[in-house]
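Asker: This is run.cif (mmCIF, C-alpha atoms and all ligand atoms).
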```cif
data_run
loop_
_atom_site.group_PDB
_atom_site.id
_atom_site.type_symbol
_atom_site.label_atom_id
_atom_site.label_comp_id
_atom_site.auth_asym_id
_atom_site.auth_seq_id
_atom_site.Cartn_x
_atom_site.Cartn_y
_atom_site.Cartn_z
ATOM 1 C CA MET U 1 0.000 0.000 0.000
ATOM 2 C CA ARG U 2 2.765 2.368 1.006
ATOM 3 C CA MET U 3 4.523 1.574 -2.256
ATOM 4 C CA LEU U 4 1.347 2.094 -4.275
ATOM 5 C CA LEU U 5 0.717 5.530 -2.834
ATOM 6 C CA GLY U 6 4.377 6.509 -2.666
ATOM 7 C CA LEU U 7 5.503 9.676 -4.424
ATOM 8 C CA PRO U 8 6.869 7.989 -7.529
ATOM 9 C CA GLN U 9 3.385 6.610 -8.307
ATOM 10 C CA LEU U 10 1.272 9.646 -7.344
ATOM 11 C CA TRP U 11 1.678 11.438 -10.664
ATOM 12 C CA ILE U 12 0.033 8.477 -12.372
ATOM 13 C CA LEU U 13 -3.289 8.979 -10.533
ATOM 14 C CA PRO U 14 -4.612 11.918 -12.621
ATOM 15 C CA LEU U 15 -3.721 9.979 -15.766
ATOM 16 C CA LEU U 16 -5.589 6.939 -14.464
ATOM 17 C CA VAL U 17 -8.635 9.087 -13.727
ATOM 18 C CA VAL U 18 -8.549 10.520 -17.240
ATOM 19 C CA VAL U 19 -8.169 7.059 -18.821
ATOM 20 C CA LEU U 20 -10.938 5.545 -16.666
ATOM 21 C CA PHE U 21 -13.280 8.450 -17.422
ATOM 22 C CA GLN U 22 -12.650 8.158 -21.145
ATOM 23 C CA CYS U 23 -13.167 4.381 -21.059
ATOM 24 C CA SER U 24 -16.414 4.623 -19.118
ATOM 25 C CA PHE U 25 -17.651 7.407 -21.406
ATOM 26 C CA ALA U 26 -16.835 5.367 -24.494
ATOM 27 C CA LEU U 27 -18.528 2.285 -23.059
ATOM 28 C CA VAL U 28 -21.856 3.911 -22.209
ATOM 29 C CA ILE U 29 -24.114 1.922 -24.554
ATOM 30 C CA ASP U 30 -27.726 1.451 -23.514
ATOM 31 C CA TYR U 31 -28.362 -1.678 -25.530
ATOM 32 C CA SER U 32 -26.677 -4.032 -27.946
ATOM 33 C CA TYR U 33 -27.560 -6.494 -30.681
ATOM 34 C CA VAL U 34 -25.552 -9.346 -29.153
ATOM 35 C CA GLY U 35 -25.030 -10.900 -25.725
ATOM 36 C CA ALA U 36 -26.504 -9.928 -22.366
ATOM 37 C CA ARG U 37 -27.747 -6.545 -23.632
ATOM 38 C CA GLY U 38 -29.040 -7.995 -26.903
ATOM 39 C CA PRO U 39 -32.632 -7.829 -28.214
ATOM 40 C CA ARG U 40 -33.895 -10.789 -26.127
ATOM 41 C CA HIS U 41 -32.981 -8.900 -22.951
ATOM 42 C CA TRP U 42 -34.047 -5.340 -23.880
ATOM 43 C CA GLY U 43 -37.302 -5.641 -21.912
ATOM 44 C CA ASP U 44 -35.381 -6.475 -18.722
ATOM 45 C CA LEU U 45 -32.732 -3.759 -18.984
ATOM 46 C CA LYS U 46 -34.912 -0.787 -17.925
ATOM 47 C CA SER U 47 -38.367 -0.528 -16.416
ATOM 48 C CA ASP U 48 -39.604 1.713 -19.233
ATOM 49 C CA TRP U 49 -38.372 -0.752 -21.863
ATOM 50 C CA LYS U 50 -40.912 -3.438 -20.822
ATOM 51 C CA GLU U 51 -42.782 -3.144 -24.113
ATOM 52 C CA CYS U 52 -39.747 -4.709 -25.833
ATOM 53 C CA SER U 53 -40.665 -8.040 -24.184
ATOM 54 C CA ASP U 54 -44.351 -7.592 -23.217
ATOM 55 C CA GLY U 55 -45.640 -5.722 -26.265
ATOM 56 C CA LYS U 56 -48.122 -7.401 -28.576
ATOM 57 C CA ALA U 57 -47.683 -5.124 -31.578
ATOM 58 C CA GLN U 58 -43.919 -5.020 -32.031
ATOM 59 C CA SER U 59 -41.728 -4.380 -35.082
ATOM 60 C CA PRO U 60 -40.148 -5.543 -37.330
ATOM 61 C CA ILE U 61 -42.334 -8.243 -38.857
ATOM 62 C CA ALA U 62 -42.245 -10.681 -41.751
ATOM 63 C CA ILE U 63 -44.533 -9.371 -44.497
ATOM 64 C CA ARG U 64 -46.231 -11.914 -46.750
ATOM 65 C CA SER U 65 -47.568 -10.150 -49.829
ATOM 66 C CA LYS U 66 -50.264 -12.809 -50.417
ATOM 67 C CA HIS U 67 -51.573 -12.488 -46.879
ATOM 68 C CA ALA U 68 -51.593 -8.689 -46.871
ATOM 69 C CA GLU U 69 -55.127 -7.351 -47.195
ATOM 70 C CA LEU U 70 -55.749 -5.146 -50.226
ATOM 71 C CA ASN U 71 -57.086 -1.826 -48.971
ATOM 72 C CA SER U 72 -58.326 0.434 -51.765
ATOM 73 C CA SER U 73 -58.909 3.308 -49.352
ATOM 74 C CA LEU U 74 -55.181 3.678 -48.639
ATOM 75 C CA PRO U 75 -54.006 6.896 -50.336
ATOM 76 C CA GLY U 76 -50.841 7.344 -52.394
ATOM 77 C CA LEU U 77 -47.993 8.907 -50.410
ATOM 78 C CA ARG U 78 -47.377 12.545 -51.280
ATOM 79 C CA ALA U 79 -44.303 13.724 -49.445
ATOM 80 C CA HIS U 80 -43.183 17.336 -49.713
ATOM 81 C CA TYR U 81 -39.445 17.024 -49.201
ATOM 82 C CA GLN U 82 -37.256 20.081 -49.801
ATOM 83 C CA SER U 83 -33.671 21.282 -49.334
ATOM 84 C CA SER U 84 -32.746 20.785 -45.701
ATOM 85 C CA VAL U 85 -29.653 20.968 -43.547
ATOM 86 C CA CYS U 86 -28.673 17.366 -42.806
ATOM 87 C CA SER U 87 -26.251 16.480 -40.022
ATOM 88 C CA ILE U 88 -24.786 13.095 -39.218
ATOM 89 C CA ALA U 89 -24.583 11.331 -35.896
ATOM 90 C CA SER U 90 -22.943 7.949 -35.643
ATOM 91 C CA SER U 91 -21.857 5.650 -32.863
ATOM 92 C CA GLN U 92 -21.982 1.917 -32.380
ATOM 93 C CA TYR U 93 -25.223 0.593 -33.920
ATOM 94 C CA ILE U 94 -26.412 4.079 -34.923
ATOM 95 C CA PHE U 95 -25.946 5.868 -38.233
ATOM 96 C CA LYS U 96 -28.465 8.674 -38.262
ATOM 97 C CA VAL U 97 -29.056 11.839 -40.256
ATOM 98 C CA PHE U 98 -30.923 14.656 -38.511
ATOM 99 C CA ILE U 99 -33.014 17.053 -40.586
ATOM 100 C CA ALA U 100 -33.048 20.659 -39.388
ATOM 101 C CA GLY U 101 -36.253 22.705 -39.598
ATOM 102 C CA ALA U 102 -39.601 21.453 -40.792
ATOM 103 C CA HIS U 103 -39.117 21.627 -44.555
ATOM 104 C CA CYS U 104 -39.887 17.985 -45.285
ATOM 105 C CA THR U 105 -43.485 17.042 -44.624
ATOM 106 C CA LEU U 106 -45.729 14.063 -45.199
ATOM 107 C CA PRO U 107 -49.504 14.495 -44.961
ATOM 108 C CA LEU U 108 -51.074 11.304 -43.601
ATOM 109 C CA ASN U 109 -54.414 10.470 -41.975
ATOM 110 C CA ARG U 110 -55.435 14.140 -41.682
ATOM 111 C CA ALA U 111 -52.176 15.050 -39.902
ATOM 112 C CA THR U 112 -49.023 16.661 -41.232
ATOM 113 C CA TYR U 113 -45.909 14.777 -40.213
ATOM 114 C CA THR U 114 -42.427 16.277 -40.422
ATOM 115 C CA LEU U 115 -39.336 14.278 -41.347
ATOM 116 C CA THR U 116 -37.067 14.560 -38.285
ATOM 117 C CA ASP U 117 -34.358 12.020 -39.139
ATOM 118 C CA PHE U 118 -33.504 8.994 -41.183
ATOM 119 C CA HIS U 119 -31.228 6.109 -40.334
ATOM 120 C CA PHE U 120 -30.014 2.772 -41.609
ATOM 121 C CA HIS U 121 -30.228 -0.852 -40.510
ATOM 122 C CA ILE U 122 -27.956 -3.609 -41.788
ATOM 123 C CA PRO U 123 -29.342 -6.086 -42.764
ATOM 124 C CA SER U 124 -33.016 -5.154 -43.211
ATOM 125 C CA GLU U 125 -35.271 -5.571 -40.179
ATOM 126 C CA HIS U 126 -38.471 -6.284 -42.119
ATOM 127 C CA THR U 127 -38.590 -9.181 -44.529
ATOM 128 C CA VAL U 128 -40.889 -9.452 -47.549
ATOM 129 C CA ASP U 129 -41.937 -12.907 -48.750
ATOM 130 C CA GLY U 130 -39.044 -14.442 -46.835
ATOM 131 C CA THR U 131 -36.391 -12.121 -48.256
ATOM 132 C CA ARG U 132 -34.124 -10.225 -45.906
ATOM 133 C CA PHE U 133 -32.507 -7.315 -47.752
ATOM 134 C CA PRO U 134 -28.924 -6.041 -47.268
ATOM 135 C CA LEU U 135 -30.113 -2.625 -45.965
ATOM 136 C CA GLU U 136 -33.237 -0.862 -44.707
ATOM 137 C CA LEU U 137 -33.718 2.893 -44.561
ATOM 138 C CA HIS U 138 -36.107 4.299 -41.939
ATOM 139 C CA LEU U 139 -37.548 7.771 -42.541
ATOM 140 C CA VAL U 140 -38.899 8.946 -39.188
ATOM 141 C CA HIS U 141 -41.737 11.501 -39.236
ATOM 142 C CA LYS U 142 -43.397 13.144 -36.231
ATOM 143 C CA VAL U 143 -46.345 15.535 -35.893
ATOM 144 C CA ALA U 144 -44.230 17.685 -33.540
ATOM 145 C CA PRO U 145 -40.540 17.480 -32.488
ATOM 146 C CA ASN U 146 -41.158 15.645 -29.180
ATOM 147 C CA SER U 147 -44.395 13.968 -30.153
ATOM 148 C CA SER U 148 -44.966 10.242 -29.716
ATOM 149 C CA GLN U 149 -47.228 10.334 -32.777
ATOM 150 C CA ILE U 150 -44.732 8.833 -35.188
ATOM 151 C CA THR U 151 -44.896 7.337 -38.646
ATOM 152 C CA VAL U 152 -41.933 5.554 -40.194
ATOM 153 C CA VAL U 153 -41.512 4.973 -43.913
ATOM 154 C CA SER U 154 -39.207 2.091 -44.719
ATOM 155 C CA LYS U 155 -37.287 1.513 -47.930
ATOM 156 C CA LEU U 156 -35.523 -1.781 -48.589
ATOM 157 C CA PHE U 157 -32.333 -2.028 -50.633
ATOM 158 C CA LYS U 158 -31.002 -4.831 -52.828
ATOM 159 C CA LEU U 159 -27.385 -5.272 -53.849
ATOM 160 C CA GLY U 160 -26.592 -3.382 -57.071
ATOM 161 C CA ARG U 161 -25.625 0.155 -58.054
ATOM 162 C CA SER U 162 -24.539 2.525 -55.318
ATOM 163 C CA ASP U 163 -27.276 4.667 -53.797
ATOM 164 C CA PRO U 164 -26.662 8.380 -54.553
ATOM 165 C CA LEU U 165 -28.164 9.652 -51.255
ATOM 166 C CA LEU U 166 -25.959 7.341 -49.240
ATOM 167 C CA ASP U 167 -22.970 8.563 -51.271
ATOM 168 C CA GLN U 168 -23.827 12.154 -50.268
ATOM 169 C CA ILE U 169 -24.284 11.161 -46.636
ATOM 170 C CA LEU U 170 -21.066 9.147 -46.426
ATOM 171 C CA LYS U 171 -19.148 12.178 -47.744
ATOM 172 C CA LEU U 172 -20.447 14.266 -44.849
ATOM 173 C CA LYS U 173 -18.883 12.134 -42.119
ATOM 174 C CA GLU U 174 -19.512 14.147 -38.958
ATOM 175 C CA GLY U 175 -20.298 17.442 -40.690
ATOM 176 C CA ASN U 176 -23.473 18.831 -42.176
ATOM 177 C CA ALA U 177 -24.695 19.964 -45.577
ATOM 178 C CA THR U 178 -27.818 21.144 -47.328
ATOM 179 C CA ILE U 179 -29.328 18.312 -49.325
ATOM 180 C CA ASN U 180 -32.465 18.443 -51.449
ATOM 181 C CA LEU U 181 -34.014 15.179 -50.320
ATOM 182 C CA SER U 182 -36.683 15.267 -53.035
ATOM 183 C CA ASN U 183 -33.871 14.529 -55.515
ATOM 184 C CA TYR U 184 -33.104 11.268 -53.758
ATOM 185 C CA ILE U 185 -36.174 9.982 -51.947
ATOM 186 C CA ASN U 186 -39.283 9.015 -53.875
ATOM 187 C CA LEU U 187 -42.235 7.633 -51.953
ATOM 188 C CA HIS U 188 -44.432 7.012 -54.998
ATOM 189 C CA GLY U 189 -45.826 3.553 -55.665
ATOM 190 C CA GLY U 190 -47.350 0.779 -53.615
ATOM 191 C CA TYR U 191 -46.645 -0.039 -50.005
ATOM 192 C CA TYR U 192 -47.557 -2.228 -47.042
ATOM 193 C CA ARG U 193 -49.109 -0.635 -43.962
ATOM 194 C CA TYR U 194 -49.398 -1.902 -40.400
ATOM 195 C CA LEU U 195 -49.336 -0.708 -36.808
ATOM 196 C CA GLY U 196 -46.154 -1.596 -34.937
ATOM 197 C CA SER U 197 -43.456 -0.230 -32.674
ATOM 198 C CA LEU U 198 -40.053 1.396 -32.595
ATOM 199 C CA THR U 199 -37.491 -1.323 -33.399
ATOM 200 C CA THR U 200 -35.104 -0.038 -30.721
ATOM 201 C CA PRO U 201 -35.727 0.488 -26.979
ATOM 202 C CA PRO U 202 -38.099 1.639 -25.554
ATOM 203 C CA CYS U 203 -39.956 -0.282 -28.362
ATOM 204 C CA SER U 204 -42.945 2.086 -27.997
ATOM 205 C CA GLU U 205 -46.053 0.908 -29.837
ATOM 206 C CA GLY U 206 -48.554 2.896 -31.882
ATOM 207 C CA ILE U 207 -46.085 3.541 -34.714
ATOM 208 C CA LEU U 208 -47.702 3.665 -38.147
ATOM 209 C CA TRP U 209 -45.429 1.744 -40.513
ATOM 210 C CA THR U 210 -45.236 2.072 -44.289
ATOM 211 C CA ILE U 211 -42.996 -0.404 -46.092
ATOM 212 C CA LEU U 212 -42.430 0.739 -49.677
ATOM 213 C CA LYS U 213 -42.801 -2.008 -52.286
ATOM 214 C CA LYS U 214 -40.258 -0.382 -54.597
ATOM 215 C CA THR U 215 -36.739 -1.258 -53.498
ATOM 216 C CA GLY U 216 -33.517 0.712 -53.957
ATOM 217 C CA THR U 217 -30.008 -0.562 -54.615
ATOM 218 C CA ILE U 218 -26.802 -0.294 -52.636
ATOM 219 C CA SER U 219 -23.283 -1.340 -53.630
ATOM 220 C CA SER U 220 -21.193 -3.806 -51.669
ATOM 221 C CA SER U 221 -18.592 -1.089 -50.941
ATOM 222 C CA GLN U 222 -21.343 1.138 -49.474
ATOM 223 C CA ILE U 223 -22.492 -1.755 -47.278
ATOM 224 C CA LYS U 224 -18.929 -2.215 -46.019
ATOM 225 C CA ARG U 225 -18.658 1.484 -45.190
ATOM 226 C CA VAL U 226 -21.966 1.530 -43.305
ATOM 227 C CA ILE U 227 -21.064 -1.628 -41.341
ATOM 228 C CA ALA U 228 -17.745 0.024 -40.402
ATOM 229 C CA LEU U 229 -19.652 3.072 -39.086
ATOM 230 C CA LEU U 230 -22.160 0.913 -37.195
ATOM 231 C CA GLN U 231 -19.369 -1.308 -35.839
ATOM 232 C CA GLY U 232 -21.656 -4.296 -36.294
ATOM 233 C CA LYS U 233 -25.081 -5.269 -37.575
ATOM 234 C CA ASN U 234 -28.141 -3.569 -36.100
ATOM 235 C CA ALA U 235 -31.272 -5.484 -37.078
ATOM 236 C CA ARG U 236 -33.769 -6.473 -34.391
ATOM 237 C CA PRO U 237 -35.106 -10.018 -34.924
ATOM 238 C CA LEU U 238 -38.604 -10.502 -36.382
ATOM 239 C CA GLN U 239 -41.497 -10.070 -33.933
ATOM 240 C CA LYS U 240 -44.805 -11.932 -33.713
ATOM 241 C CA ILE U 241 -47.585 -10.477 -35.848
ATOM 242 C CA ASN U 242 -50.253 -11.749 -33.418
ATOM 243 C CA LYS U 243 -53.654 -10.632 -34.690
ATOM 244 C CA ARG U 244 -52.548 -7.525 -36.515
ATOM 245 C CA ALA U 245 -53.853 -6.662 -39.959
ATOM 246 C CA ILE U 246 -51.254 -6.011 -42.650
ATOM 247 C CA TYR U 247 -52.635 -3.941 -45.509
ATOM 248 C CA LYS U 248 -51.357 -3.326 -48.986
ATOM 249 C CA HIS U 249 -51.852 -0.296 -51.189
ATOM 250 C CA SER U 250 -53.476 -1.095 -54.534
ATOM 251 C CA SER U 251 -50.537 -0.240 -56.841
HETATM 252 ZN ZN ZN I 301 -34.920 2.124 -37.476
#
```
Any chance you could give the structure as structure tokens?
Ligand SMILES: [Zn+2]
Answerer:
Amino acid sequence: MRMLLGLPQLWILPLLVVVLFQCSFALVIDYSYVGARGPRHWGDLKSDWKECSDGKAQSPIAIRSKHAELNSSLPGLRAHYQSSVCSIASSQYIFKVFIAGAHCTLPLNRATYTLTDFHFHIPSEHTVDGTRFPLELHLVHKVAPNSSQITVVSKLFKLGRSDPLLDQILKLKEGNATINLSNYINLHGGYYRYLGSLTTPPCSEGILWTILKKTGTISSSQIKRVIALLQGKNARPLQKINKRAIYKHSS
């Protein structure tokens, strides 16, 4: 003990404090996709994450096009996306782009939702007719910045040509830039619709999901770059559909 706290060692203490602080800061991760903090355990990790294990209307789900109910009253999606300042945030399992202002809107069910952010999952979380895609884009819209009234539009990507929006985003790294999202994101065409949840804790339910039928393409080098940013894959396993209705838009 005397040797440990002797003068020659004392100067090390502040360094140790700095190193320990940095390590603990770097290791603060609320949840994981593997191991003891993986998806099976999310509901036990925090009291307000119970829906992750107890919820009956969770996401993602396996969509079967034949079983989806044709609903002719579903409207076509008419997003009004404009030039917006986009900024990147990334850490383990998260690669997110925040949209400043309220320039990108999506009218839906008599409400006007605003695009607040979009982010990526590798591989896709939803499957369609048994296919799991290499990447899924989630466009998160809210009626107000802190509202729990959320609708997420999902686009699935196959392997192929590089996606131009992702190219723009990957160039940004940690900076920000003005991007006209209407040049890159097209919500036209058919889709699947169901009521689900956030796919990350707290797994809150009541999220209106739209899964676009039209897929995009992403190159293998883009996939590698996104996986490097995510430091691992970030897809929650499929959840039980239970008695939920899955609808499909007529086109
Ligand atoms: Zn997501």
Asker: Identify all residues satisfying the PyMOL selection byres (((not hetatm)) within 12 of (chain I and resi 301)) in the given file; provide them as a PyMOL selection string.
Answerer: chain U and resi 59-60+93-97+117-126+135-141+151-156+197-201+203+207+209+234-236
Asker: Any idea what's packed within 9 Å of U:Leu165, counting only C-alpha atoms, ignoring anything in its chain fewer than 4 positions away? Could you give it as a list in words?
Answerer: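 Near neighbours after the sequence-gap exclusion: Ile169, Leu170, Ile179, Leu181, Asn183, Tyr184 and Ile185 of chain U.
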Asker: Tell me which residues the PyMOL selection byres (((chain U and resi 58) around 10) and not hetatm) grabs here, as a list in words.
Answerer: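 Here the PyMOL selection byres (((chain U and resi 58) around 10) and not hetatm) matches Glu51, Cys52, Ser53, Asp54, Gly55, Lys56, Ala57, Ser59, Pro60, Ile61, Leu195, Gly196, Ser197, Leu198, Thr199, Cys203, Ser204, Glu205, Gly206, Ile207, Leu238, Gln239, Lys240, Ile241 and Asn242 of chain U.
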Asker: Suppose a student applies the PyMOL selection byres (((chain U and resi 32) around 12) and not hetatm) to this structure; what residues should they get, written as a list in words?
Answerer: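 With the PyMOL selection byres (((chain U and resi 32) around 12) and not hetatm) on this model, the match is Leu27, Val28, Ile29, Asp30, Tyr31, Tyr33, Val34, Gly35, Ala36, Arg37, Gly38, Pro39, Arg40, His41, Trp42, Leu45, Ser91, Gln92, Tyr93, Ile94, Thr200, Pro201, Leu230, Gln231, Gly232, Lys233, Asn234, Ala235 and Arg236 of chain U.
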Asker: Using all atoms listed in the file, which residue out of U:Ser251, U:Thr114, U:Ser72, U:Thr210 lies closest to U:Gln149?
Answerer: U:Thr114
Asker: Can you tell me which residues surround U:Ser73 at a distance of at most 12 Å, considering only C-alpha atoms, apart from same-chain residues fewer than 4 positions away, and format the answer as a ChimeraX atom specification?
Answerer: /U:69,109,193,247-251
Asker: Which residues are close to U:Tyr113, i.e. within 8 Å by only C-alpha atoms, leaving aside same-chain residues fewer than 3 positions away? Reply as a list in words.
Answerer: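 Once the nearby chain positions are removed, what remains is Thr105, Leu106, Pro107, Leu108, His141, Lys142, Val143, Ala144, Ile150 and Thr151 of chain U.
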Asker: Give the answer as one residue: which of U:Ser90, U:Thr217, U:Ser65, U:Ser147 has the shortest atom-to-atom distance to U:Pro164, using only C-alpha atoms?
Answerer: U:Thr217
Asker: Tell me, as number ranges by chain, which residues lie within 9 Å of U:Gly175, counting all atoms listed in the file; anything in the same chain fewer than 4 positions away does not count.
Answerer: U: 86-89, 171
Asker: Could you write out the selected residues, including C-alpha atoms, as a JSON list (two decimals), in the frame of the given file?
Answerer:
```json
[["chain", "number", "residue", "atom", "x", "y", "z"],
["U", 86, "CYS", "CA", -28.67, 17.37, -42.81],
["U", 87, "SER", "CA", -26.25, 16.48, -40.02],
["U", 88, "ILE", "CA", -24.79, 13.10, -39.22],
["U", 89, "ALA", "CA", -24.58, 11.33, -35.90],
["U", 171, "LYS", "CA", -19.15, 12.18, -47.74]]
```
Asker: Using all atoms listed in the file, find the one residue out of U:Thr127, U:Asn180, U:Leu187, U:Tyr194 that sits nearest to U:Leu208.
Answerer: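 Between U:Thr127, U:Asn180, U:Leu187, U:Tyr194, the residue approaching U:Leu208 most closely is U:Tyr194.
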Asker: May I ask which of the residues U:Ile211, U:Lys243, U:His80, U:Leu172 is the closest one to U:Tyr191, counting all atoms listed in the file?
Answerer: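 Among the listed residues, U:Ile211 lies closest to U:Tyr191.
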Asker: Would you mind telling me which residue in U:Gly76, U:Tyr81, U:Asp129, U:Ala111 lies nearest to U:Gly189 when using all atoms listed in the file?
Answerer: U:Gly76
Asker: What's the separation between atom CA of U:Ser182 and atom CA of U:Pro75, in Å to one decimal place?
Answerer: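 It comes out at 19.4 Å.
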Asker: Would you compute the distance between atom CA of U:Gly130 and atom CA of U:His67? Give it in Å to one decimal.
Answerer: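 About the pair atom CA of U:Gly130 and atom CA of U:His67: they are 12.7 Å apart.
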Asker: Which neighbours of U:Gly101 fall inside 9 Å, counting all atoms listed in the file, when residues of the same chain fewer than 2 positions from it are skipped, and could you give them as a PyMOL selection string?
Answerer: chain U and resi 84-85+99+103-104+114+116
Asker: Once you have the residues from the selection above, write them out as a tab-separated table (two decimals), in the frame of the given file, restricted to C-alpha atoms.
Answerer:
```
chain	number	residue	atom	x	y	z
U	84	SER	CA	-32.75	20.78	-45.70
U	85	VAL	CA	-29.65	20.97	-43.55
U	99	ILE	CA	-33.01	17.05	-40.59
U	103	HIS	CA	-39.12	21.63	-44.56
U	104	CYS	CA	-39.89	17.98	-45.28
U	114	THR	CA	-42.43	16.28	-40.42
U	116	THR	CA	-37.07	14.56	-38.28
```
